[in-house]
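Peer 1: The structure is given below, and queries will be raised subsequently.
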Amino acid sequence: MAVTDTGQGEAGVKRPSRLFKNLAAKFAAIPMIFTALVVFVGCTLWTIYHSFTKSRLLPAPKKWVGLDNYERLWSENRWLISIENLAIYGACSLVLSLVIGFVLAALLDRKIRFENTIRTIILYPFALSFVVTGLAWQWILNPALGLQNTMRNWGWESFTFDPLNNAEIVIFGVLIAGIWQGSGFVMVLLLAGMRGIDEDVWKASRVEGIPAWKTYIFIVIPMMRPVFVTALVIISAGIIKVYDLVVAQTSGGPGIASEVPAKYVIEKMFQAQNLGLGFAASTMMLLSVLVVLIPWAYLEFGGKKNG
Amino acid sequence: MKLTTKLLSATAICAASAASAVELEVTHWWTSGGEAAAVSEFAKAFNETEHSWLDGAIAGSGGTARPIIISRILGGDPMHATQLNHGRQAEELVEAGLMLDLTDVAEAGSWADIVNPSRLLDGCTLDGKIYCVPVNIHSPQWLWLSHEAFAKAGVDVPNDWFEFVASADALRGADVIPLAMGQQAWQTSLAFGAIMVAVGGTELYIDVLTNKSAEAAASEEMTAVFQAYADARSLSDGSNVQDWNQATNLVITGMAGGQIHGDWAQGEFQVAGQVAGEDYTCLPGLGVNEIIATGGDAFYFPKQDDPAIEAAQKELAALMISPEVQVAFNLKKGSLPIRGDVDLSAANDCMKKGLEILAAGNVLPDGVNAYSADTAGQLEDLMVEFWNDTSITVEDAQARYVGIIESAD
Amino acid sequence: MADATVNAQASAAMSGPRGPKPKRAFSSTNIIIYGTLLVVCMYYLLPLYVMIVTSLKGMPEVRLGNIFSPPVEVTFEPWVKAWSEACTGINCEGLSRGFSNSVWILIPSVIISIAIASVNGYALANWRFKGSEVFFTILIFGAFIPYQVMIYPIVILLRESGEGITWFLRIFNEDASSFRLMGSLSGLVIVHTIFGMPILTLLFRNYFTSVPEELFKAARVDGAGFWGIYFRIMLPMSLPIFVVAMILQVTGIWNDFLFGVIYTKPETYPMTVQLNNIVNSVQGVKEYNVNMAATLLTGLVPLVIYFASGKLFVRGIAAGAVKG
């Protein structure tokens, strides 16, 4: 197990081919290489290829139809609504999680009492499954039995808050649940980042007489850029995948008002038995991820090739 | 081995080579009260043989269950038997050779003679071979009415859809939701089909469904159907339920006047202890065109590589179609048996109505058989969108409908 | 020691907060801060509170529709029903059936995925080879690929590998029974290992990068190899990150629904799928109290783990994620 490896290879008189350098590391990385190449790259290419075929219930690699599936996809109202919902949900949940997360982190960073308790309370929803979150909020937002009815019972007769039964605002009903679950994690990330900032920064700003809020906005936030990027990336990865939450909370309803792309894909693939269309939709999802991801990856990794 | 019928003994010949007891996993999406009671009749009968039934119920309608069923068959881990609507849905699976050929069982039991209407067996047949067992006939075009609700409103129980619509105001006045409607897409789509039969008539229905005539889809008769459907939307304001049986429950408890739903709603009334004609009324074809579409459920048997299992599968197939099991199952399910030669004196009013219509031959093809899953899905999307979004005009909806029918397959 | 660990330890030593010191106990700033936090805490606790009180009410009380009021008559009936009596189809075993499945999915998945990812992270941090960064980049991209893109091909992949293994087994033993990955627990374990890999590998890579180079070099001079350094130096130093990884995986895998529903079958359904089945098997009216009890039961395991390890969880995130 211990001494069988690369160190000696280098010391040897004649170097074996490069392939055997770092052999143990390469051997250990086989699962990673397999996952990266076969699953992530292979399966993705497979899906992209089949999005150009007329695959229905079974993959039909020989029935090439070009862009037909894509044309059909972009002519479907349901897909357009899904995209719109994801855009609204994504933008709101990104901004709100970061703002709420940051404000909470800043509050918790002010040497308050009960910090641990409060942090525990804010973070616990993160431990729950989306199915659990969706069901809990579905129950609270149920107009006949939940929040709305309770408020009315308490005498506020005109109180109306029924996002899950109102097609116009249903996506915000989903958002409330999503934020509830995810913002605690963002808060913890940002809090950790905040704690990583040198005490001297605060001392200096106090000496200069800069108010606390200015210090946060102009000094602390810029210094926390890497943490914000991490948080941003983690949140957006979650947003694209939002599926369980919608299925548990609204099933895409009322009507098709809270459909999301992930759900569209699953249903077209298996329920409508139109694999080609489902693959086309998932390829579009992938494309939108790449549009966001490539510039980020370039900035993050491209810049420091010296590693 | 307990052999009670000729059918069973016929299959036993196939089974003889490997007569060991096996456990068959059967998947289905029958999870409501009435449905579960019905499926346990199958399980009970099968457990009486040397084999045993392993129940694989998947909750949340066929839409949830089908993906799971199909991905398991494709993934090489098929269940031993599964519910699927016959016809177009399973076509590709059969073509790919993933389903067990039941022709020998069917011949031994002479299914061709006993299955009525014979169209049901056609749905199971591909290239002259039989791949599934139809177990019941379900027709979606029924209107279920609550006597209690109409008593509250002080009006007579309507005799057809038009009277029902006319009584809506009276129902509203008595704080009753006129029309109960679950939010799931397939329910709104079902209601459209039913209104189409009632308002548009059977000719239109056949033209559009069977002949896929875009002309018929664009006709004025069809506009009237869309108009009626659009008008029905406001009738269901306030019925914020998701599942079909929650909607049925609104009718059972008199909180809603009626529900457009398939005859399987019957099972729920039965579980709730209600009596047809006294507590509730059922109107086939919404009371306008007394006709029923013959959809239904069927069981498929994915291919296995173990001969013992295959023998048990065939045994189960024969059992499901045997007279006693058919009667027991369908009485609980509220559906009609697929064979005309069984005694259904125990049937209630609603089932008898259905049987009469069936005997008179007033049957229509069902959407599930007529459209591919893809087309059916598109239609569902349109219907659920139109139903929930009152800003879509009748013209727009019909134009999109014509587009779908034009490219239907 | 590199920054991340230093920070984590330092911040613990200095008892954390670094913001400006509030002046008096009852200053207006303080009132605003505590007031805001109180409201925030209520928002986060509300659903849990509602779930608990609802699950303790009988159905007649639930129908009254006051979700905030505590139960007039406390009943544990819904809990019993959710655990052992609720029906799906003709199975009336409640959630208990899913619980043990979830445990048997969880344990191997967590162990295998962490073992593989930690070795990956270690190789990437300390034993870079040609192309290792490329694979790592692909892997990180993989974390963002919507699962939907890969679900279907993985079904095929599992089927083919299952058949491949069967073929392999039959070389040695003609009668070997056919081996299936699809629908089996081992198939699901593989899927969880694959999809947990990107984030975990990132976590471990970042952590191992922060281990001082000198330590690593000294070990190599002493003649220790890849595995030697991993087991003798890296492992003992990285307990916190293992705990973090474990917590992330336990909650993630326990809470999974999509893979559970697609890659298993009824006998092997995990608890979340079972929960969804129970909640969607409506018999007449929705029994919200039973649903809420079932929901709480399903959430119990991750919650217990989270509450028991809260501080480690937070510190681990600080060590792993901050140094992005």
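We label chains A, B, ... in the order they appear in the structure tokens, count residues from 1 in each chain, and number ligands from 1 in the order shown.
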What are the residues of chain A lining chain C at 6 Å or less? Count only C-alpha atoms, and put the answer as a count of residues only.
Peer 2: 24
Peer 1: I need the contact residues of chain B against chain C, so if you could list those with any atom within 8 Å, counting only C-alpha atoms, and return them as number ranges by chain, that would help.
Peer 2: B: 29-33, 35-37, 39-40, 55-60, 67-68, 71-72, 74-77, 243, 245-246, 248-249, 268
Peer 1: Could you write those residues out with C-alpha atoms, as an mmCIF file, in the first residue's frame?
Peer 2:
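Listing of selection.cif after writing:
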```
data_model
loop_
_atom_site.group_PDB
_atom_site.id
_atom_site.type_symbol
_atom_site.label_atom_id
_atom_site.label_comp_id
_atom_site.auth_asym_id
_atom_site.auth_seq_id
_atom_site.Cartn_x
_atom_site.Cartn_y
_atom_site.Cartn_z
ATOM 1 C CA TRP B 29 -51.538 3.293 -10.097
ATOM 2 C CA TRP B 30 -54.762 2.285 -8.379
ATOM 3 C CA THR B 31 -54.445 3.945 -5.026
ATOM 4 C CA SER B 32 -57.791 5.597 -4.281
ATOM 5 C CA GLY B 33 -60.157 3.839 -1.896
ATOM 6 C CA GLU B 35 -59.380 1.324 -6.754
ATOM 7 C CA ALA B 36 -57.382 -0.252 -3.965
ATOM 8 C CA ALA B 37 -60.391 -2.360 -3.000
ATOM 9 C CA VAL B 39 -57.052 -4.416 -7.069
ATOM 10 C CA SER B 40 -57.007 -6.405 -3.891
ATOM 11 C CA ASP B 55 -48.103 -5.148 -4.809
ATOM 12 C CA GLY B 56 -46.206 -2.327 -6.472
ATOM 13 C CA ALA B 57 -48.676 0.529 -6.302
ATOM 14 C CA ILE B 58 -47.419 3.901 -7.466
ATOM 15 C CA ALA B 59 -49.473 6.824 -6.235
ATOM 16 C CA GLY B 60 -50.431 9.938 -8.087
ATOM 17 C CA PRO B 67 -42.486 7.086 -16.347
ATOM 18 C CA ILE B 68 -41.477 4.763 -13.538
ATOM 19 C CA SER B 71 -37.960 3.398 -17.244
ATOM 20 C CA ARG B 72 -37.841 0.124 -15.363
ATOM 21 C CA LEU B 74 -36.222 -0.071 -20.501
ATOM 22 C CA GLY B 75 -33.637 -0.359 -17.761
ATOM 23 C CA GLY B 76 -33.734 -4.122 -17.894
ATOM 24 C CA ASP B 77 -35.425 -4.478 -14.532
ATOM 25 C CA ASP B 243 -56.855 14.877 -7.207
ATOM 26 C CA ASN B 245 -61.204 11.755 -5.912
ATOM 27 C CA GLN B 246 -60.977 14.910 -3.849
ATOM 28 C CA THR B 248 -65.538 13.438 -6.257
ATOM 29 C CA ASN B 249 -65.567 13.860 -2.520
ATOM 30 C CA GLU B 268 -65.643 6.354 -4.460
#
```
Peer 1: When you draw a straight line from CA of Asn149 (chain A) to CA of Asp162 (chain A), how long is it in Å?
Peer 2: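 Between CA of Asn149 (chain A) and CA of Asp162 (chain A) the gap is 9.8 Å.
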Peer 1: Could you please select, counting only C-alpha atoms, the residues of chain B within 9 Å of chain A and state them as a PyMOL selection string?
Peer 2: chain B and resi 62-68+70-71+74+89-93+96+183-185+240+242+372-378+381-389
Peer 1: Running DSSP on the backbone, which parts of region 98-185 of chain A land in alpha helix (DSSP H), as an mmCIF file with C-alpha atoms, in the first residue's frame?
Peer 2:
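Below you can see out05.cif, which holds the result:
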```cif
data_model
loop_
_atom_site.group_PDB
_atom_site.id
_atom_site.type_symbol
_atom_site.label_atom_id
_atom_site.label_comp_id
_atom_site.auth_asym_id
_atom_site.auth_seq_id
_atom_site.Cartn_x
_atom_site.Cartn_y
_atom_site.Cartn_z
ATOM 1 C CA LEU A 98 -27.859 36.880 -1.499
ATOM 2 C CA VAL A 99 -29.473 39.975 0.014
ATOM 3 C CA ILE A 100 -31.218 38.105 2.813
ATOM 4 C CA GLY A 101 -28.160 35.954 3.377
ATOM 5 C CA PHE A 102 -25.890 38.961 3.567
ATOM 6 C CA VAL A 103 -28.131 41.025 5.824
ATOM 7 C CA LEU A 104 -28.574 38.107 8.197
ATOM 8 C CA ALA A 105 -24.868 37.383 8.183
ATOM 9 C CA ALA A 106 -24.118 41.032 8.941
ATOM 10 C CA LEU A 107 -26.638 41.023 11.784
ATOM 11 C CA LEU A 108 -25.222 37.844 13.244
ATOM 12 C CA GLU A 115 -25.919 33.711 17.885
ATOM 13 C CA ASN A 116 -25.725 29.935 17.760
ATOM 14 C CA THR A 117 -29.411 29.457 18.394
ATOM 15 C CA ILE A 118 -30.438 31.955 15.757
ATOM 16 C CA ARG A 119 -28.041 30.515 13.228
ATOM 17 C CA THR A 120 -29.336 27.036 13.907
ATOM 18 C CA ILE A 121 -32.897 28.203 13.356
ATOM 19 C CA ILE A 122 -32.106 29.928 10.085
ATOM 20 C CA LEU A 123 -30.140 27.012 8.696
ATOM 21 C CA PHE A 130 -37.646 19.734 -1.213
ATOM 22 C CA VAL A 131 -40.560 17.336 -1.015
ATOM 23 C CA VAL A 132 -40.925 18.134 2.687
ATOM 24 C CA THR A 133 -40.557 21.873 2.081
ATOM 25 C CA GLY A 134 -43.052 21.834 -0.757
ATOM 26 C CA LEU A 135 -45.664 19.941 1.238
ATOM 27 C CA ALA A 136 -45.284 22.170 4.298
ATOM 28 C CA TRP A 137 -45.722 25.355 2.313
ATOM 29 C CA GLN A 138 -48.522 23.911 0.242
ATOM 30 C CA TRP A 139 -50.348 23.394 3.486
ATOM 31 C CA ILE A 140 -49.609 26.880 4.856
ATOM 32 C CA LEU A 147 -52.710 31.344 6.348
ATOM 33 C CA GLN A 148 -55.442 33.172 4.429
ATOM 34 C CA ASN A 149 -58.247 31.505 6.320
ATOM 35 C CA THR A 150 -56.531 32.030 9.658
ATOM 36 C CA MET A 151 -56.116 35.724 9.008
ATOM 37 C CA ARG A 152 -59.764 35.964 8.065
ATOM 38 C CA ASN A 153 -60.755 34.099 11.208
ATOM 39 C CA VAL A 170 -47.994 31.155 -8.204
ATOM 40 C CA ILE A 171 -44.288 31.224 -8.963
ATOM 41 C CA PHE A 172 -43.801 33.571 -6.015
ATOM 42 C CA GLY A 173 -45.515 31.028 -3.808
ATOM 43 C CA VAL A 174 -42.855 28.561 -4.897
ATOM 44 C CA LEU A 175 -40.225 31.233 -4.354
ATOM 45 C CA ILE A 176 -41.239 31.761 -0.729
ATOM 46 C CA ALA A 177 -40.636 28.091 -0.047
ATOM 47 C CA GLY A 178 -37.402 28.043 -2.027
ATOM 48 C CA ILE A 179 -35.981 31.035 -0.163
ATOM 49 C CA TRP A 180 -37.057 29.548 3.128
ATOM 50 C CA GLN A 181 -35.061 26.465 2.399
ATOM 51 C CA GLY A 182 -31.963 27.893 0.798
ATOM 52 C CA SER A 183 -31.207 31.282 2.322
ATOM 53 C CA GLY A 184 -29.796 29.874 5.555
ATOM 54 C CA PHE A 185 -27.036 28.133 3.668
#
```
Peer 1: What lies within 7 Å of Thr215 (chain A) using only C-alpha atoms, ignoring chain neighbours under 5 positions off, as a list in words?
Peer 2: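 Final neighbour list, sorted by chain and number: Ser205, Ile210 and Val220 of chain A.
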Peer 1: Those residues with N, CA and C atoms, as an mmCIF file, in the first residue's frame please?
Peer 2:
```cif
data_model
loop_
_atom_site.group_PDB
_atom_site.id
_atom_site.type_symbol
_atom_site.label_atom_id
_atom_site.label_comp_id
_atom_site.auth_asym_id
_atom_site.auth_seq_id
_atom_site.Cartn_x
_atom_site.Cartn_y
_atom_site.Cartn_z
ATOM 1 N N SER A 205 -11.426 51.271 9.801
ATOM 2 C CA SER A 205 -12.611 52.028 9.409
ATOM 3 C C SER A 205 -13.185 52.776 10.609
ATOM 4 N N ILE A 210 -15.712 55.896 9.577
ATOM 5 C CA ILE A 210 -16.655 55.479 8.526
ATOM 6 C C ILE A 210 -17.808 54.715 9.175
ATOM 7 N N VAL A 220 -16.239 45.659 2.953
ATOM 8 C CA VAL A 220 -16.422 44.238 3.249
ATOM 9 C C VAL A 220 -16.879 43.463 2.004
#
```
Peer 1: Show me, as a Markdown table, the residues of region 67-147 of chain B having an atom within 10 Å of region 355-365 of chain B, each with the closest atom pair and its distance in Å, using only C-alpha atoms.
Peer 2:
```
| residue | atom | partner | partner_atom | distance |
| --- | --- | --- | --- | --- |
| B:Asn116 | CA | B:Leu358 | CA | 8.7 |
| B:Pro117 | CA | B:Leu358 | CA | 8.0 |
| B:Arg119 | CA | B:Pro365 | CA | 8.4 |
| B:Leu120 | CA | B:Pro365 | CA | 9.6 |
| B:Ile137 | CA | B:Leu358 | CA | 9.7 |
| B:Ser139 | CA | B:Leu364 | CA | 9.2 |
```
Peer 1: For the atom pair CA of Asn101 (chain C) and CA of Leu185 (chain C), what is the interatomic distance in Å to one decimal place?
Peer 2: 8.6 Å
Peer 1: Residues within 8 Å of Leu316 (chain B), please, as a ChimeraX atom specification. Count only C-alpha atoms; anything in the same chain fewer than 4 positions from it doesn't count.
Peer 2: /B:46,312,320
Peer 1: With C-alpha atoms retained, could you export that selection as a compact mmCIF listing (two decimals), in the first residue's frame?
Peer 2:
```txt
# COMPACT_ATOMS: atom_id res chain seq x y z
CA PHE B 46 -53.81 -14.77 -7.24
CA ALA B 312 -46.84 -17.68 -13.44
CA MET B 320 -57.51 -11.74 -14.59
```
Peer 1: Give me, as an MDAnalysis selection string, all polymer residues having an atom no more than 10 Å from Ile321 (chain B), counting only C-alpha atoms and skipping those fewer than 4 positions away in the same chain.
Peer 2: chainID B and resid 7 106 109 111 114:115 133:136 316:317 325:327 337:339
Peer 1: Need to verify the contact set: region 223-230 of chain B, 9 Å, only C-alpha atoms, exclusion of same-chain residues closer than 6 positions in sequence. Can you return it as number ranges by chain?
Peer 2: B: 191-192, 195-200, 217, 386-387, 390, 393-395, 397-398
Peer 1: Export N, CA and C atoms of the chosen residues as a short mmCIF file (atom, residue, chain, number, x, y, z; two decimals), in the first residue's frame?
Peer 2:
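Output file part_25.cif is given in full below:
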```cif
data_model
loop_
_atom_site.label_atom_id
_atom_site.label_comp_id
_atom_site.auth_asym_id
_atom_site.auth_seq_id
_atom_site.Cartn_x
_atom_site.Cartn_y
_atom_site.Cartn_z
N ALA B 191 -62.75 16.22 -19.24
CA ALA B 191 -63.99 16.98 -19.27
C ALA B 191 -64.25 17.52 -20.67
N PHE B 192 -63.19 17.90 -21.36
CA PHE B 192 -63.37 18.40 -22.72
C PHE B 192 -63.94 17.32 -23.62
N ILE B 195 -67.63 16.89 -22.87
CA ILE B 195 -68.45 17.98 -23.40
C ILE B 195 -68.54 17.87 -24.92
N MET B 196 -67.48 17.39 -25.51
CA MET B 196 -67.45 17.21 -26.96
C MET B 196 -68.51 16.19 -27.40
N VAL B 197 -68.60 15.10 -26.67
CA VAL B 197 -69.61 14.10 -27.02
C VAL B 197 -71.02 14.67 -26.82
N ALA B 198 -71.18 15.43 -25.72
CA ALA B 198 -72.52 15.93 -25.40
C ALA B 198 -72.92 17.07 -26.34
N VAL B 199 -72.06 18.04 -26.50
CA VAL B 199 -72.43 19.23 -27.26
C VAL B 199 -72.19 19.05 -28.76
N GLY B 200 -71.08 18.41 -29.10
CA GLY B 200 -70.72 18.29 -30.50
C GLY B 200 -71.32 17.08 -31.19
N ALA B 217 -62.20 19.68 -36.86
CA ALA B 217 -61.71 20.39 -35.68
C ALA B 217 -61.93 21.89 -35.80
N PHE B 386 -56.15 26.31 -21.21
CA PHE B 386 -57.38 27.00 -21.57
C PHE B 386 -58.33 27.03 -20.37
N TRP B 387 -58.39 25.92 -19.67
CA TRP B 387 -59.30 25.83 -18.54
C TRP B 387 -58.93 26.82 -17.44
N THR B 390 -58.48 32.28 -18.22
CA THR B 390 -59.69 32.78 -18.89
C THR B 390 -59.37 33.85 -19.92
N THR B 393 -58.94 33.22 -25.63
CA THR B 393 -60.27 33.24 -26.26
C THR B 393 -60.57 31.88 -26.89
N VAL B 394 -61.85 31.68 -27.13
CA VAL B 394 -62.30 30.44 -27.75
C VAL B 394 -61.63 30.27 -29.12
N GLU B 395 -61.51 31.35 -29.86
CA GLU B 395 -60.91 31.28 -31.20
C GLU B 395 -59.45 30.82 -31.12
N ALA B 397 -57.94 29.19 -28.75
CA ALA B 397 -57.85 27.81 -28.29
C ALA B 397 -58.17 26.86 -29.43
N GLN B 398 -59.23 27.19 -30.18
CA GLN B 398 -59.60 26.30 -31.27
C GLN B 398 -58.53 26.27 -32.36
#
```
Peer 1: Kindly indicate which residue among C:Ser27, C:Thr166, C:Ser55, C:Ser186 lies nearest to Pro78 (chain C), using only C-alpha atoms for the distances.
Peer 2: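 With only C-alpha atoms as the atom set, the closest residue is C:Ser55.
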Peer 1: Please compute the CA of Ala214 (chain B)-CA of Ala293 (chain B) distance, one decimal, in Å.
Peer 2: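 These two atoms are separated by 21.1 Å.
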